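So this block is data-v7.txt, compact mmCIF, C-alpha atoms:
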```txt
# COMPACT_ATOMS: atom_id res chain seq x y z
CA MET A 106 -25.73 27.00 -19.93
CA GLY A 107 -21.96 26.92 -20.60
CA GLU A 108 -19.67 24.36 -19.02
CA GLY A 109 -18.53 26.86 -16.36
CA GLY A 110 -22.11 27.67 -15.42
CA GLU A 111 -23.01 23.98 -15.37
CA TYR A 112 -20.07 23.30 -13.03
CA GLU A 113 -21.11 26.12 -10.68
CA ASP A 114 -24.68 24.82 -10.58
CA VAL A 115 -23.61 21.23 -9.79
CA PHE A 116 -21.11 22.37 -7.18
CA GLU A 117 -23.56 24.65 -5.39
CA ARG A 118 -26.28 22.00 -5.36
CA ALA A 119 -23.85 19.35 -4.10
CA LYS A 120 -22.44 21.63 -1.38
CA ALA A 121 -25.97 22.09 -0.03
CA TYR A 122 -25.84 18.47 1.18
CA GLU A 123 -22.93 19.12 3.54
CA GLY A 124 -23.95 18.50 7.13
CA GLN A 125 -26.90 16.30 6.21
CA ALA A 126 -27.16 12.75 7.45
CA ALA A 127 -25.70 9.92 5.37
CA ALA A 128 -26.91 7.17 7.73
CA VAL A 129 -29.01 7.32 10.88
CA GLY A 130 -29.39 4.74 13.61
CA GLY A 131 -27.00 2.24 12.09
CA VAL A 132 -26.45 -0.99 14.02
CA GLY A 133 -23.51 -3.32 13.57
CA LYS A 134 -24.64 -6.67 12.20
CA ASP A 135 -22.43 -8.53 14.66
CA LEU A 136 -21.19 -7.91 18.16
CA VAL A 137 -17.46 -7.39 18.43
CA ASN A 138 -16.33 -11.01 18.57
CA GLU A 139 -13.25 -13.20 18.92
CA PRO A 140 -13.57 -15.18 15.65
CA MET A 141 -13.56 -12.01 13.53
CA ILE A 142 -10.61 -10.66 15.53
CA ARG A 143 -8.72 -13.91 15.01
CA HIS A 144 -9.40 -13.99 11.25
CA TRP A 145 -8.33 -10.36 10.92
CA CYS A 146 -5.09 -10.93 12.86
CA GLU A 147 -4.26 -14.05 10.83
CA ALA A 148 -4.89 -12.24 7.55
CA MET A 149 -2.77 -9.26 8.62
CA GLY A 150 -0.06 -11.32 10.32
CA ASP A 151 -0.67 -9.38 13.53
CA THR A 152 0.48 -11.37 16.56
CA HIS A 153 0.15 -8.66 19.21
CA PRO A 154 -0.82 -10.30 22.54
CA ALA A 155 -3.46 -7.64 23.28
CA TYR A 156 -5.77 -9.29 20.73
CA VAL A 157 -5.96 -12.74 22.38
CA GLY A 158 -6.90 -14.09 25.79
CA VAL A 159 -9.43 -13.25 28.47
CA ASP A 160 -8.97 -9.49 28.28
CA ALA A 161 -8.60 -9.32 24.49
CA THR A 162 -9.35 -6.13 22.60
CA ALA A 163 -10.01 -5.71 18.88
CA PRO A 164 -7.29 -4.19 16.69
CA PRO A 165 -8.17 -0.49 16.39
CA THR A 166 -8.01 -0.63 12.59
CA MET A 167 -10.97 -3.06 12.62
CA LEU A 168 -13.22 -0.08 13.43
CA GLN A 169 -14.86 -0.16 10.01
CA ALA A 170 -15.27 -3.95 10.07
CA TRP A 171 -17.93 -3.71 12.80
CA THR A 172 -20.02 -1.21 10.80
CA MET A 173 -19.92 -2.80 7.33
CA GLY A 174 -23.17 -4.06 5.92
CA GLY A 175 -21.80 -6.93 3.85
CA LEU A 176 -23.28 -7.92 0.50
CA SER A 177 -26.82 -7.24 1.70
CA GLY A 178 -25.90 -3.71 2.77
CA HIS A 179 -27.42 -1.54 5.49
CA ALA A 180 -30.99 -0.29 5.41
CA GLY A 181 -30.13 2.97 7.14
CA ARG A 182 -28.57 4.96 4.28
CA SER A 183 -30.23 8.34 4.08
CA GLU A 184 -32.30 9.82 1.30
CA ALA A 185 -29.99 12.85 1.26
CA TYR A 186 -26.92 10.71 0.51
CA ASP A 187 -28.73 8.91 -2.32
CA GLU A 188 -29.84 12.26 -3.70
CA LEU A 189 -26.28 13.61 -3.65
CA LEU A 190 -24.91 10.61 -5.52
CA GLY A 191 -27.84 10.82 -7.95
CA LEU A 192 -27.13 14.49 -8.58
CA LEU A 193 -23.52 13.70 -9.50
CA ASP A 194 -24.58 10.72 -11.63
CA ASP A 195 -27.06 12.88 -13.57
CA ALA A 196 -24.32 15.47 -14.19
CA GLY A 197 -22.14 12.79 -15.80
CA TYR A 198 -19.90 11.94 -12.83
CA THR A 199 -20.91 8.30 -12.89
CA SER A 200 -17.61 6.59 -12.03
CA VAL A 201 -16.57 6.14 -8.42
CA VAL A 202 -13.38 5.16 -6.63
CA ALA A 203 -12.60 5.09 -2.92
CA THR A 204 -9.55 7.26 -2.31
CA ASP A 205 -8.72 7.12 1.39
CA CYS A 206 -10.01 6.84 4.93
CA GLU A 207 -9.02 8.37 8.28
CA GLN A 208 -9.82 6.87 11.65
CA GLU A 209 -9.70 8.16 15.22
CA TYR A 210 -9.81 5.75 18.16
CA LEU A 211 -11.28 6.87 21.49
CA ARG A 212 -11.28 3.60 23.40
CA PRO A 213 -10.54 -0.09 22.65
CA LEU A 214 -13.38 -2.34 21.51
CA ARG A 215 -13.87 -5.64 23.29
CA PRO A 216 -15.74 -8.86 22.47
CA GLY A 217 -19.41 -8.42 23.29
CA ASP A 218 -19.56 -4.71 22.46
CA ALA A 219 -22.66 -3.78 20.43
CA ILE A 220 -21.87 -1.18 17.79
CA THR A 221 -24.17 1.66 16.75
CA PHE A 222 -23.31 4.50 14.41
CA ASP A 223 -24.50 7.58 12.59
CA ALA A 224 -22.90 9.12 9.50
CA MET A 225 -23.04 12.55 7.91
CA ILE A 226 -21.96 14.11 4.64
CA GLU A 227 -19.00 16.11 5.91
CA SER A 228 -17.75 17.77 2.73
CA VAL A 229 -17.97 17.98 -1.05
CA SER A 230 -14.86 19.37 -2.71
CA GLU A 231 -14.64 21.76 -5.61
CA ARG A 232 -14.27 20.04 -8.95
CA LYS A 233 -10.83 18.45 -9.20
CA THR A 234 -8.92 17.03 -12.16
CA THR A 235 -6.96 13.86 -11.41
CA LYS A 236 -5.24 11.29 -13.60
CA LEU A 237 -8.37 9.16 -13.38
CA GLY A 238 -10.60 12.01 -14.55
CA THR A 239 -12.45 15.08 -13.31
CA GLY A 240 -14.95 15.08 -10.48
CA TYR A 241 -15.79 15.74 -6.85
CA PHE A 242 -14.41 14.27 -3.63
CA VAL A 243 -17.22 13.37 -1.23
CA THR A 244 -16.28 12.75 2.42
CA THR A 245 -18.58 11.10 4.93
CA ARG A 246 -17.87 10.96 8.66
CA MET A 247 -19.13 8.04 10.72
CA ASP A 248 -19.34 8.34 14.51
CA VAL A 249 -19.16 4.92 16.15
CA ARG A 250 -20.61 4.27 19.62
CA VAL A 251 -21.01 1.55 22.22
CA ALA A 252 -23.80 1.96 24.80
CA GLY A 253 -24.28 5.49 23.50
CA ARG A 254 -20.68 6.53 24.16
CA PRO A 255 -18.26 7.48 21.35
CA VAL A 256 -15.54 4.92 20.65
CA GLY A 257 -14.18 6.13 17.30
CA THR A 258 -14.63 8.15 14.13
CA HIS A 259 -14.24 6.92 10.57
CA ARG A 260 -13.94 9.31 7.63
CA PHE A 261 -14.35 7.77 4.18
CA ARG A 262 -13.65 9.65 0.97
CA ILE A 263 -14.70 8.78 -2.57
CA LEU A 264 -14.17 10.47 -5.92
CA LYS A 265 -17.21 10.72 -8.21
CA TYR A 266 -15.75 11.47 -11.61
CA VAL A 267 -15.93 11.51 -15.40
CA PRO A 268 -13.13 9.24 -16.66
CA ALA A 269 -10.37 10.94 -18.62
CA VAL A 270 -10.43 10.05 -22.32
CA ARG A 271 -7.14 10.07 -24.17
CA ARG A 272 -7.34 9.90 -27.93
CA ARG A 273 -4.34 8.60 -29.81
CA GLY A 274 -1.94 11.49 -30.31
CA ALA A 275 -3.76 13.77 -27.86
CA SER A 276 -1.67 15.65 -25.33
CA ARG A 277 -1.85 14.78 -21.66
CA ALA A 278 -3.48 18.13 -20.94
CA GLU A 279 -6.22 17.41 -23.45
CA GLY A 280 -6.76 13.92 -22.06
CA ALA A 281 -7.10 15.13 -18.49
CA ALA A 282 -9.60 17.86 -19.33
CA ALA A 283 -13.18 17.41 -18.22
CA VAL A 284 -15.49 16.20 -20.97
CA PRO A 285 -19.19 17.12 -20.91
CA LYS A 286 -21.51 14.18 -20.40
CA THR A 287 -23.02 14.27 -23.89
CA ALA A 288 -19.65 14.58 -25.60
CA MET A 289 -18.26 11.76 -23.49
CA ALA A 290 -21.09 9.44 -24.49
CA ALA A 291 -20.63 10.23 -28.16
CA GLU A 292 -16.89 9.67 -28.07
CA VAL A 293 -17.08 6.40 -26.20
CA SER A 294 -19.99 4.82 -28.05
CA ARG A 295 -19.37 6.12 -31.58
CA PRO A 296 -15.60 6.43 -32.21
CA GLU A 297 -14.39 7.58 -35.59
CA ARG A 298 -13.70 4.78 -38.05
CA SER A 299 -10.02 5.73 -38.34
CA GLU A 300 -9.59 5.52 -34.56
CA ARG A 301 -11.42 2.21 -34.39
CA SER A 302 -8.98 0.62 -36.81
CA GLU A 303 -5.88 1.67 -34.83
CA ARG A 304 -4.48 -0.25 -31.89
CA PRO A 305 -5.38 1.79 -28.77
CA GLU A 306 -2.60 3.16 -26.61
CA ARG A 307 -2.12 1.15 -23.45
CA SER A 308 -3.38 2.92 -20.35
CA LYS A 309 -0.88 3.85 -17.69
CA ARG A 310 -0.36 1.53 -14.76
CA PRO A 311 -2.26 2.58 -11.63
CA ARG A 312 -0.17 4.77 -9.35
CA PRO A 313 0.77 3.40 -5.91
CA VAL A 314 -0.93 5.08 -2.96
CA VAL A 315 1.79 7.00 -1.12
CA ASN A 316 0.96 8.20 2.39
CA ARG A 317 2.78 9.23 5.55
CA ASP A 318 3.16 5.60 6.62
CA ASN A 319 4.87 4.32 3.46
CA ALA A 320 6.47 7.41 1.89
CA GLY A 321 9.92 6.26 3.02
CA PHE A 322 9.53 3.00 1.13
CA TRP A 323 8.72 4.75 -2.13
CA GLU A 324 11.51 7.26 -1.58
CA GLY A 325 13.85 4.27 -1.30
CA VAL A 326 12.48 2.79 -4.53
CA SER A 327 13.25 6.06 -6.30
CA ARG A 328 16.90 5.49 -5.29
CA HIS A 329 16.83 1.78 -6.25
CA ARG A 330 16.81 0.65 -2.64
CA LEU A 331 14.26 -1.79 -1.22
CA LEU A 332 13.87 -0.75 2.41
CA ILE A 333 12.42 -2.97 5.15
CA GLN A 334 11.23 -1.56 8.46
CA ARG A 335 12.92 -2.80 11.64
CA CYS A 336 11.34 -2.31 15.08
CA ASP A 337 13.46 -0.37 17.54
CA GLY A 338 11.95 -2.37 20.40
CA CYS A 339 12.11 -6.06 19.45
CA ARG A 340 14.19 -5.66 16.23
CA THR A 341 11.61 -7.55 14.21
CA LEU A 342 11.66 -6.87 10.48
CA ARG A 343 8.30 -6.11 8.89
CA PHE A 344 6.76 -5.60 5.47
CA PRO A 345 4.59 -3.94 4.27
CA TRP A 346 5.38 -0.73 6.11
CA LEU A 347 3.26 -0.01 9.20
CA PRO A 348 3.13 2.90 11.67
CA GLY A 349 4.00 0.56 14.56
CA CYS A 350 5.30 -2.92 15.29
CA ASN A 351 2.69 -5.68 15.02
CA ALA A 352 4.79 -7.90 17.29
CA CYS A 353 5.44 -5.67 20.33
CA GLY A 354 3.53 -2.45 19.54
CA CYS A 355 6.59 -0.18 19.59
CA PRO A 356 6.02 2.89 17.38
CA ASP A 357 9.75 3.52 16.74
CA TRP A 358 11.67 1.95 13.87
CA ASP A 359 14.55 2.23 11.45
CA THR A 360 15.19 0.52 8.12
CA VAL A 361 17.48 -2.07 6.61
CA GLU A 362 18.10 -2.43 2.90
CA ALA A 363 17.14 -5.75 1.34
CA GLY A 364 19.95 -7.56 -0.40
CA GLY A 365 17.67 -8.43 -3.29
CA ASP A 366 17.67 -12.24 -3.19
CA GLY A 367 14.41 -14.09 -2.71
CA THR A 368 12.27 -17.05 -3.66
CA VAL A 369 8.71 -17.43 -4.92
CA TYR A 370 6.71 -18.35 -1.80
CA SER A 371 3.41 -18.45 -3.70
CA TYR A 372 2.01 -17.03 -6.93
CA VAL A 373 -1.04 -16.58 -9.13
CA VAL A 374 -1.32 -16.19 -12.90
CA MET A 375 -3.68 -13.37 -13.79
CA HIS A 376 -5.95 -14.04 -16.80
CA HIS A 377 -9.01 -11.98 -15.90
CA PRO A 378 -10.24 -9.28 -15.65
CA PRO A 379 -8.39 -7.67 -18.58
CA PHE A 380 -7.18 -4.36 -17.09
CA PRO A 381 -6.24 -1.95 -19.90
CA ALA A 382 -2.81 -1.21 -18.38
CA PHE A 383 -1.79 -4.88 -18.21
CA ASP A 384 -1.25 -7.63 -20.75
CA PRO A 385 -2.51 -10.95 -19.34
CA PRO A 386 -1.61 -13.63 -18.65
CA TYR A 387 1.11 -12.56 -16.22
CA ALA A 388 2.48 -13.89 -12.93
CA VAL A 389 2.10 -12.13 -9.60
CA GLY A 390 4.27 -13.61 -6.88
CA LEU A 391 4.43 -13.53 -3.11
CA ILE A 392 8.18 -13.22 -2.76
CA GLU A 393 9.99 -14.29 0.39
CA LEU A 394 13.10 -12.15 0.71
CA ALA A 395 16.32 -13.55 2.15
CA GLU A 396 15.70 -11.31 5.17
CA GLY A 397 12.53 -13.30 5.97
CA VAL A 398 9.76 -10.84 5.06
CA ARG A 399 7.41 -11.30 2.10
CA MET A 400 6.13 -8.87 -0.50
CA ILE A 401 3.89 -9.02 -3.56
CA SER A 402 5.38 -8.14 -6.92
CA ASN A 403 5.57 -9.25 -10.53
CA VAL A 404 7.79 -12.17 -11.53
CA VAL A 405 9.57 -11.32 -14.78
CA GLY A 406 12.15 -12.89 -17.06
CA VAL A 407 10.32 -16.19 -17.43
CA PRO A 408 7.01 -17.20 -19.11
CA HIS A 409 4.07 -17.12 -16.73
CA ASP A 410 3.58 -20.88 -17.01
CA ARG A 411 7.14 -21.58 -15.85
CA VAL A 412 6.86 -19.77 -12.52
CA ARG A 413 7.13 -22.25 -9.67
CA ILE A 414 7.03 -22.15 -5.87
CA GLY A 415 10.60 -22.09 -4.56
CA MET A 416 11.98 -20.49 -7.73
CA PRO A 417 14.90 -18.18 -6.90
CA VAL A 418 14.43 -14.57 -7.95
CA ARG A 419 16.49 -11.40 -7.86
CA LEU A 420 15.30 -7.85 -7.26
CA GLU A 421 15.46 -5.30 -10.04
CA PHE A 422 13.71 -2.02 -10.73
CA GLU A 423 11.50 -1.73 -13.81
CA GLN A 424 10.78 1.61 -15.50
CA VAL A 425 7.06 1.16 -16.18
CA ASP A 426 6.59 4.59 -17.80
CA GLU A 427 8.20 8.01 -17.70
CA GLU A 428 6.82 8.65 -14.20
CA LEU A 429 6.74 5.26 -12.50
CA GLU A 430 9.43 2.78 -11.46
CA LEU A 431 8.57 -0.37 -9.52
CA PRO A 432 10.47 -3.17 -7.77
CA VAL A 433 10.02 -6.49 -9.59
CA PHE A 434 11.70 -9.88 -9.28
CA ARG A 435 13.50 -11.59 -12.14
CA ALA A 436 13.65 -15.38 -12.19
CA VAL A 437 17.15 -16.74 -11.67
CA GLU A 438 18.08 -19.90 -13.54
CA ARG A 439 19.63 -22.50 -11.27
CA SER A 440 23.03 -23.66 -12.40
CA GLY A 441 22.93 -27.08 -13.98
CA VAL A 442 19.19 -26.90 -14.74
```
Step by step, read the file and then write its structure as structure tokens.
Amino acid sequence: MGEGGEYEDVFERAKAYEGQAAAVGGVGKDLVNEPMIRHWCEAMGDTHPAYVGVDATAPPTMLQAWTMGGLSGHAGRSEAYDELLGLLDDAGYTSVVATDCEQEYLRPLRPGDAITFDAMIESVSERKTTKLGTGYFVTTRMDVRVAGRPVGTHRFRILKYVPAVRRRGASRAEGAAAVPKTAMAAEVSRPERSERSERPERSKRPRPVVNRDNAGFWEGVSRHRLLIQRCDGCRTLRFPWLPGCNACGCPDWDTVEAGGDGTVYSYVVMHHPPFPAFDPPYAVGLIELAEGVRMISNVVGVPHDRVRIGMPVRLEFEQVDEELELPVFRAVERSGV
């Protein structure tokens, strides 16, 4: 069977799983509870008063937290879902990446609520070619309930794909093309001797996820402007970008442009794992801007072992490759040091 026929066969077999259950009779491992709400709010920097006190509710975006199985997983995953993933694995689409999720909230969750849920395989896309590789997007829809009544819906989408292989000197179009499973195995496990002796081309940096909530930030970056959201209600500055204020809940906002001065509030030096697109060790800093908000970025212009908390830095924009420019922070030498 040719590659086109093989694709049609896989696609038709995968589409047959649409509408079948992915999980049945799922039960949240914990009741909605105050400690988890508190930890979430502390981690997210969310100080909204609705999430504390006698009549506290859970942040809506915690919807998935109450249904997660943890390291031990859930026992309720369906045979149909396992079969679908097995079908794609057997066809060579063995890599997986989560791409996005969508949530709908029907009523607030409160401490003491017992969560139950069912999930179904909502859709399997046609075969798509992305920069990661070629494969199928699989979307599951989870319906979350309390006492049998719907409280929210969570859609989760993954890409099951064959990674793109770029040989040295190959065009981008060649690299992005789908590679049959057998050819892929041969190329990865038994490279030509001449290729083995050459230094491999560095992979491209991962692309930032741009969505409707943060598109304005990335549009600003494209114009060498670092934009910070400002709440129209309480005038609080916030970063990263959010659809609403985490201080007063107001959904309206404008932006201010950061001046570019900052200090290293905290940092880590990355040694492992060795991502192909990066060259460890390198410093990743939590930068406190002069405006008072903090953001994560690379610290450049100084060896990784000389980065220090409190070090002054200055914003600049680094051209990572022909398609990607990112805000980074260059260490500023103090006068007299």
At most 6 Å from (-20.1, -3.9, 22.2), file frame, all atoms listed in the file: which residues, as a short mmCIF file (atom, residue, chain, number, x, y, z; two decimals) with C-alpha atoms, keeping the file's coordinate frame?
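Once everything was written out, this is part_36.cif:
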```cif
data_model
loop_
_atom_site.label_atom_id
_atom_site.label_comp_id
_atom_site.auth_asym_id
_atom_site.auth_seq_id
_atom_site.Cartn_x
_atom_site.Cartn_y
_atom_site.Cartn_z
CA LEU A 136 -21.19 -7.91 18.16
CA VAL A 137 -17.46 -7.39 18.43
CA GLY A 217 -19.41 -8.42 23.29
CA ASP A 218 -19.56 -4.71 22.46
CA ALA A 219 -22.66 -3.78 20.43
CA ILE A 220 -21.87 -1.18 17.79
CA VAL A 251 -21.01 1.55 22.22
#
```
For this session: Mind checking which residues fall within 8 Å of Pro165 of chain A, counting all atoms listed in the file, ignoring those fewer than 6 positions away in the same chain, and posting them as a list in words?
Result: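 Counting only the stated atoms, we get Tyr210, Pro213 and Leu214 of chain A.
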Once you count all atoms listed in the file, which residues end up no further than 12 Å from (9.6, -17.4, -21.2) in the file's frame, shown as a PyMOL selection string? chain A and resi 387-388+404-412+435-436+438
| request: Please provide the set of residues having any atom within 12 Å of Phe222 of chain A, restricted to all atoms listed in the file, with same-chain residues fewer than 5 positions apart removed, written as a PyMOL selection string. | output: chain A and resi 126-134+168-169+171-173+179+181-182+246-259
Got a sec: who's within 12 Å of segment 114-120 of chain A, counting only C-alpha atoms, leaving out chain neighbours fewer than 2 positions off, as a PDB file with C-alpha atoms, in the frame of the given file?
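Okay, out-v6.pdb is ready:
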```pdb
ATOM      1  CA  MET A 106     -25.730  27.000 -19.930  1.00  0.00           C
ATOM      2  CA  GLY A 107     -21.960  26.920 -20.600  1.00  0.00           C
ATOM      3  CA  GLU A 108     -19.670  24.360 -19.020  1.00  0.00           C
ATOM      4  CA  GLY A 109     -18.530  26.860 -16.360  1.00  0.00           C
ATOM      5  CA  GLY A 110     -22.110  27.670 -15.420  1.00  0.00           C
ATOM      6  CA  GLU A 111     -23.010  23.980 -15.370  1.00  0.00           C
ATOM      7  CA  TYR A 112     -20.070  23.300 -13.030  1.00  0.00           C
ATOM      8  CA  TYR A 122     -25.840  18.470   1.180  1.00  0.00           C
ATOM      9  CA  GLU A 123     -22.930  19.120   3.540  1.00  0.00           C
ATOM     10  CA  GLY A 124     -23.950  18.500   7.130  1.00  0.00           C
ATOM     11  CA  GLN A 125     -26.900  16.300   6.210  1.00  0.00           C
ATOM     12  CA  ALA A 185     -29.990  12.850   1.260  1.00  0.00           C
ATOM     13  CA  TYR A 186     -26.920  10.710   0.510  1.00  0.00           C
ATOM     14  CA  ASP A 187     -28.730   8.910  -2.320  1.00  0.00           C
ATOM     15  CA  GLU A 188     -29.840  12.260  -3.700  1.00  0.00           C
ATOM     16  CA  LEU A 189     -26.280  13.610  -3.650  1.00  0.00           C
ATOM     17  CA  LEU A 190     -24.910  10.610  -5.520  1.00  0.00           C
ATOM     18  CA  GLY A 191     -27.840  10.820  -7.950  1.00  0.00           C
ATOM     19  CA  LEU A 192     -27.130  14.490  -8.580  1.00  0.00           C
ATOM     20  CA  LEU A 193     -23.520  13.700  -9.500  1.00  0.00           C
ATOM     21  CA  ASP A 194     -24.580  10.720 -11.630  1.00  0.00           C
ATOM     22  CA  ASP A 195     -27.060  12.880 -13.570  1.00  0.00           C
ATOM     23  CA  ALA A 196     -24.320  15.470 -14.190  1.00  0.00           C
ATOM     24  CA  GLY A 197     -22.140  12.790 -15.800  1.00  0.00           C
ATOM     25  CA  TYR A 198     -19.900  11.940 -12.830  1.00  0.00           C
ATOM     26  CA  ILE A 226     -21.960  14.110   4.640  1.00  0.00           C
ATOM     27  CA  GLU A 227     -19.000  16.110   5.910  1.00  0.00           C
ATOM     28  CA  SER A 228     -17.750  17.770   2.730  1.00  0.00           C
ATOM     29  CA  VAL A 229     -17.970  17.980  -1.050  1.00  0.00           C
ATOM     30  CA  SER A 230     -14.860  19.370  -2.710  1.00  0.00           C
ATOM     31  CA  GLU A 231     -14.640  21.760  -5.610  1.00  0.00           C
ATOM     32  CA  ARG A 232     -14.270  20.040  -8.950  1.00  0.00           C
ATOM     33  CA  LYS A 233     -10.830  18.450  -9.200  1.00  0.00           C
ATOM     34  CA  GLY A 240     -14.950  15.080 -10.480  1.00  0.00           C
ATOM     35  CA  TYR A 241     -15.790  15.740  -6.850  1.00  0.00           C
ATOM     36  CA  PHE A 242     -14.410  14.270  -3.630  1.00  0.00           C
ATOM     37  CA  VAL A 243     -17.220  13.370  -1.230  1.00  0.00           C
ATOM     38  CA  THR A 244     -16.280  12.750   2.420  1.00  0.00           C
ATOM     39  CA  LYS A 265     -17.210  10.720  -8.210  1.00  0.00           C
TER      40      LYS A 265
END
```
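If you count all atoms listed in the file and ignore residues fewer than 3 places along the chain from Thr162 of chain A, what sits within 8 Å of it is Ala155, Tyr156, Val157, Pro213, Leu214, Arg215 and Pro216 of chain A.
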Residue with the minimum atom-to-atom distance to Arg328 of chain A, picked from A:Met167, A:Cys353, A:Val369, A:Leu431 with all atoms listed in the file counted, is A:Leu431
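Distance-wise, atom CA of Thr235 of chain A and atom CA of Arg330 of chain A end up 28.6 Å apart.
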Pairwise distance for atom CA of Asp357 of chain A and atom CA of Asp337 of chain A, rounded to one decimal in Å: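 Taking atom CA of Asp357 of chain A and atom CA of Asp337 of chain A, their separation equals 5.4 Å.
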Here atom CA of Asp359 of chain A and atom CA of Ala161 of chain A stand apart by 29.0 Å
Worksheet item: If you count only C-alpha atoms, which residues fall within 12 Å of segment 415-428 of chain A, apart from same-chain ones fewer than 5 positions away, as a PyMOL selection string?
Response: chain A and resi 307-313+325-331+362-372+382-383+390-395+400+402-407+433-440+442
For a quick check of understanding, using all atoms listed in the file, which of A:Thr221, A:Val267, A:Ala148, A:Gly175 has the smallest distance to Ser200 of chain A?
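Among A:Thr221, A:Val267, A:Ala148, A:Gly175, it is A:Val267 that comes nearest to Ser200 of chain A.
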Enclosing box along x, y and z for every listed atom of segment 251-267 of chain A, padded 8 Å each side, centre and size in Å, one decimal, as AutoDock Vina command-line options:
```
--center_x -19.0 --center_y 6.5 --center_z 4.7 --size_x 26.6 --size_y 26.0 --size_z 56.2
```
